[in-house]
Amino acid sequence: MNARSQGRVISAHGRHYTVELSTGELIKCFPRGKKNDAAVGDFVEITLQGQGEGALEKILPRKNLLYRSDENRSKQFAANVDQLLFVVAVEPAFSEDLLGRALTGAWSAGITPIILLNKVDIVSGLEDARAKLAPFRHLGVQIIDICARDSALVQADILPLLKDKTSLLLGQSAMGKSTLLNTLVPNALAATQEHSHALGAGKHTTTSTRLYHLPNHGGDLIDSPGFQAFGLLHLSREEIERGFPEFSGHIPQCRFYNCTHQHEPGCGVLAALDRRDIDAARHALYVRLIQAKAAHESYS
């Protein structure tokens with residue numbers, strides 16, 4: 001009978017995963033059957049089947065799972081995450097819609113978001129970028145100015161935030177996330193290529209998600225590829241609402257217990273919107289998410 005072990009998924013490569021055991025040994029694992037729903041950061045139970053190989057038997061209970069979904073497909077980012085580091089930049093212009101969606105996903109999953117504003121050395125666009133982030137700053141989101149190429153400053157400002165936590169690094173394409181990763185985890189790309197070669201996983205590509213340890217500081221950093229869409233069709237209406245924490249203090253004033261905060265009379269959220277206590281762009285994003293969810297449910 002083959003031995004059972006437990007470990008953590010540290011990378012995903014299509015139909016197989018790399019699982020790290022408590023000893024530090026890396027095992028190339030394939031899931032039982034056709035189901036393939038483990039995520040990087042998952043703690044799993046595996047059966048060892050040979051030198052460096054095993055079968056993924058079961059995913060252990062998760063604290064959370066962050067993923068995106070649209071009409072055609074879903075993409076898992078990571079499981080058991082404490083905080084989301086979302087990278088935006090002064091140039092090129094970042095999408096406030098994508099950022100808002102990512103933060104909604106994080107808040108609904110109980111993950112603390114932190115925004116990293118990169119390329120602050122580009123002075124000409126700095127104030128505009130800060131103005132776009134103002135609504136999130138008003139919500140109490142920590143926003144940190146960085147220049148990813150300044151390794152001393154990044155390590156001084158960012159590494160202490162990562163201590164003893166599992167952090168997910170996300171960002172729209174072209175924001176400088178890869179540069180930031182290599183500053184936080186020196187030689188991360190080289191280490192990933194060596195690791196992939198050893199496991200027969202081919203060359204590292206931007207389509208893979210990988211967990212890196214921060215041995216000198218404690219904690220783990222999960223890097224996920226850049227993206228240009230962040231659908232949230234998997235969230236229920238209640239979960240979407242949870243992703244807008246600024247609503248919570250006003251919802252008790254709603255006249256109706258099942259208020260959707262879109263058009264109902266006596267809605268505490270709409271009253272707060274009228275008073276400008278809630279940002280209009282944030283409420284508009286909420287309405288888009290709710291309406292997309294309703295359209296998807298009626299279509300399917």
# chains A, B, ... in the order shown; residues from 1 in each chain; ligands from 1
call {"tool": "select_by_dssp", "arguments": {"residues": "stretch 72-294 of chain A", "states": "alpha helix (DSSP H)", "output": "NGL selection string"}}
result
:A and (96-108 or 126-138 or 151-157 or 159-162 or 177-184 or 188-198 or 237-242 or 268-274 or 280-294)
call {"tool": "residues_around", "arguments": {"residues": "A:Thr104", "least_positions_apart": "3", "cutoff": "12 Å", "atoms": "only C-alpha atoms", "output": "mmCIF file with C-alpha atoms, in the first residue's frame"}}
result
data_model
loop_
_atom_site.group_PDB
_atom_site.id
_atom_site.type_symbol
_atom_site.label_atom_id
_atom_site.label_comp_id
_atom_site.auth_asym_id
_atom_site.auth_seq_id
_atom_site.Cartn_x
_atom_site.Cartn_y
_atom_site.Cartn_z
ATOM 1 C CA LEU A 66 -9.761 33.794 -4.687
ATOM 2 C CA TYR A 67 -10.733 33.335 -8.312
ATOM 3 C CA ARG A 68 -12.360 35.062 -11.233
ATOM 4 C CA LEU A 84 -3.763 40.621 -1.630
ATOM 5 C CA ASP A 97 -12.781 48.750 -12.854
ATOM 6 C CA LEU A 98 -10.306 45.838 -12.676
ATOM 7 C CA LEU A 99 -8.899 47.117 -9.406
ATOM 8 C CA GLY A 100 -12.380 47.524 -7.922
ATOM 9 C CA ARG A 101 -13.361 44.012 -8.994
ATOM 10 C CA TRP A 107 -13.117 41.453 0.609
ATOM 11 C CA SER A 108 -15.810 38.869 -0.131
ATOM 12 C CA ALA A 109 -13.247 36.120 0.623
ATOM 13 C CA GLY A 110 -12.008 37.749 3.839
ATOM 14 C CA ILE A 111 -8.659 38.772 2.322
ATOM 15 C CA THR A 112 -7.033 42.095 3.265
ATOM 16 C CA PRO A 113 -6.149 44.167 0.160
ATOM 17 C CA PHE A 136 -9.839 53.247 -2.064
ATOM 18 C CA PHE A 230 -11.834 39.952 -13.571
ATOM 19 C CA GLY A 231 -15.320 38.493 -13.721
ATOM 20 C CA LEU A 232 -17.125 37.736 -10.463
ATOM 21 C CA LEU A 233 -20.077 35.688 -11.690
ATOM 22 C CA LEU A 235 -20.248 35.389 -6.218
ATOM 23 C CA ARG A 237 -25.537 38.797 -4.279
ATOM 24 C CA GLU A 238 -24.679 38.629 -0.576
ATOM 25 C CA GLU A 239 -21.013 37.948 -1.368
ATOM 26 C CA ILE A 240 -20.900 40.870 -3.802
ATOM 27 C CA GLU A 241 -22.417 43.087 -1.106
ATOM 28 C CA ARG A 242 -19.719 41.893 1.323
ATOM 29 C CA GLY A 243 -17.171 43.082 -1.237
ATOM 30 C CA PHE A 244 -18.338 46.674 -0.659
ATOM 31 C CA PRO A 245 -17.534 47.230 3.031
ATOM 32 C CA GLU A 246 -18.555 50.891 2.830
ATOM 33 C CA ARG A 282 -18.017 52.364 -6.446
ATOM 34 C CA HIS A 283 -21.810 52.090 -6.355
ATOM 35 C CA LEU A 285 -19.458 49.006 -10.064
ATOM 36 C CA TYR A 286 -21.704 47.266 -7.538
ATOM 37 C CA LEU A 289 -21.769 43.260 -10.852
#
call {"tool": "residues_around", "arguments": {"residues": "A:Tyr17", "least_positions_apart": "4", "cutoff": "10 Å", "atoms": "only C-alpha atoms", "output": "ChimeraX atom specification"}}
result
/A:8-13,26-31,36,38-40,54-56,199,201
call {"tool": "closest_residue", "arguments": {"among": "A:Ile278, A:Val90, A:Ile222, A:Val81", "to": "A:Ser178", "atoms": "only C-alpha atoms"}}
result
A:Ile222
call {"tool": "residues_around", "arguments": {"residues": "A:Ala89", "least_positions_apart": "6", "cutoff": "10 Å", "atoms": "only C-alpha atoms", "output": "PyMOL selection string"}}
result
chain A and resi 116-120+122+125-126+129-130+145-147+171-172+174-177
call {"tool": "write_last_selection", "arguments": {"atoms": "C-alpha atoms", "output": "CSV table (one decimal), in the first residue's frame"}}
result
chain,number,residue,atom,x,y,z
A,116,LEU,CA,1.1,49.0,-4.5
A,117,LEU,CA,1.4,52.1,-6.8
A,118,ASN,CA,4.5,51.4,-8.9
A,119,LYS,CA,6.6,53.7,-11.1
A,120,VAL,CA,6.2,56.7,-8.8
A,122,ILE,CA,7.3,59.0,-13.4
A,125,GLY,CA,1.4,61.2,-14.1
A,126,LEU,CA,1.8,60.6,-10.4
A,129,ALA,CA,-2.8,58.1,-10.5
A,130,ARG,CA,-3.1,59.1,-6.8
A,145,ASP,CA,4.2,54.2,-3.3
A,146,ILE,CA,7.0,52.1,-4.8
A,147,CYS,CA,9.5,51.9,-7.6
A,171,GLY,CA,-1.9,43.0,-11.2
A,172,GLN,CA,-3.0,44.0,-14.6
A,174,ALA,CA,2.4,45.7,-17.8
A,175,MET,CA,2.2,47.2,-14.3
A,176,GLY,CA,5.8,46.0,-13.4
A,177,LYS,CA,4.7,43.0,-11.3
call {"tool": "atom_distance", "arguments": {"atom1": "atom CA of A:Pro61", "atom2": "atom CA of A:Gly41"}}
result
11.6 Å
call {"tool": "atom_distance", "arguments": {"atom1": "atom CA of A:Pro135", "atom2": "atom CA of A:Ala229"}}
result
20.9 Å
call {"tool": "closest_residue", "arguments": {"among": "A:Leu159, A:Leu168, A:Ala3, A:Leu60", "to": "A:Gln76", "atoms": "only C-alpha atoms"}}
result
A:Leu168
call {"tool": "select_by_dssp", "arguments": {"residues": "stretch 93-260 of chain A", "states": "strand (DSSP E or B)", "output": "number ranges by chain"}}
result
A: 112-118, 142-145, 166-172, 210-213, 220-223, 227, 232
call {"tool": "closest_residue", "arguments": {"among": "A:Ser167, A:Arg255, A:Phe247, A:Glu127", "to": "A:Arg210", "atoms": "only C-alpha atoms"}}
result
A:Ser167
call {"tool": "closest_residue", "arguments": {"among": "A:Val141, A:Leu153, A:Leu85, A:Leu21", "to": "A:Gly52", "atoms": "only C-alpha atoms"}}
result
A:Leu21
call {"tool": "residues_around", "arguments": {"residues": "A:Ala134", "least_positions_apart": "3", "cutoff": "12 Å", "atoms": "only C-alpha atoms", "output": "CSV table (one decimal) with N, CA and C atoms, in the first residue's frame"}}
result
chain,number,residue,atom,x,y,z
A,96,GLU,N,-9.4,51.2,-13.2
A,96,GLU,CA,-10.1,51.3,-11.9
A,96,GLU,C,-11.2,50.2,-11.8
A,115,ILE,N,-2.8,48.1,-1.9
A,115,ILE,CA,-2.5,48.5,-3.3
A,115,ILE,C,-1.0,49.0,-3.3
A,127,GLU,N,0.2,62.4,-9.8
A,127,GLU,CA,-1.0,63.0,-9.1
A,127,GLU,C,-2.2,62.4,-9.7
A,128,ASP,N,-2.3,62.2,-11.0
A,128,ASP,CA,-3.5,61.6,-11.6
A,128,ASP,C,-3.7,60.2,-11.1
A,129,ALA,N,-2.6,59.4,-11.0
A,129,ALA,CA,-2.8,58.1,-10.5
A,129,ALA,C,-3.2,58.1,-9.0
A,130,ARG,N,-2.7,59.0,-8.2
A,130,ARG,CA,-3.1,59.1,-6.8
A,130,ARG,C,-4.6,59.5,-6.7
A,131,ALA,N,-5.0,60.4,-7.6
A,131,ALA,CA,-6.4,60.8,-7.6
A,131,ALA,C,-7.3,59.6,-7.9
A,137,ARG,N,-8.4,54.8,-0.9
A,137,ARG,CA,-7.7,55.3,0.3
A,137,ARG,C,-8.8,55.7,1.4
A,138,HIS,N,-9.9,56.3,0.9
A,138,HIS,CA,-10.9,56.7,1.8
A,138,HIS,C,-11.6,55.5,2.5
A,139,LEU,N,-11.5,54.3,1.9
A,139,LEU,CA,-12.1,53.1,2.4
A,139,LEU,C,-11.1,52.5,3.4
A,140,GLY,N,-9.9,53.1,3.6
A,140,GLY,CA,-9.0,52.6,4.6
A,140,GLY,C,-8.0,51.6,4.0
A,141,VAL,N,-8.0,51.4,2.6
A,141,VAL,CA,-7.1,50.5,2.0
A,141,VAL,C,-5.6,51.1,2.1
A,142,GLN,N,-4.7,50.3,2.5
A,142,GLN,CA,-3.3,50.8,2.6
A,142,GLN,C,-2.8,50.9,1.1
A,143,ILE,N,-2.2,52.1,0.8
A,143,ILE,CA,-1.7,52.3,-0.5
A,143,ILE,C,-0.2,52.7,-0.3
A,279,ASP,N,-19.0,56.5,-2.6
A,279,ASP,CA,-18.5,57.0,-3.9
A,279,ASP,C,-19.4,56.5,-5.0
A,281,ALA,N,-18.8,56.1,-8.2
A,281,ALA,CA,-18.2,55.1,-9.1
A,281,ALA,C,-18.2,53.7,-8.5
A,282,ARG,N,-18.0,53.6,-7.2
A,282,ARG,CA,-18.0,52.4,-6.4
A,282,ARG,C,-19.4,51.8,-6.5
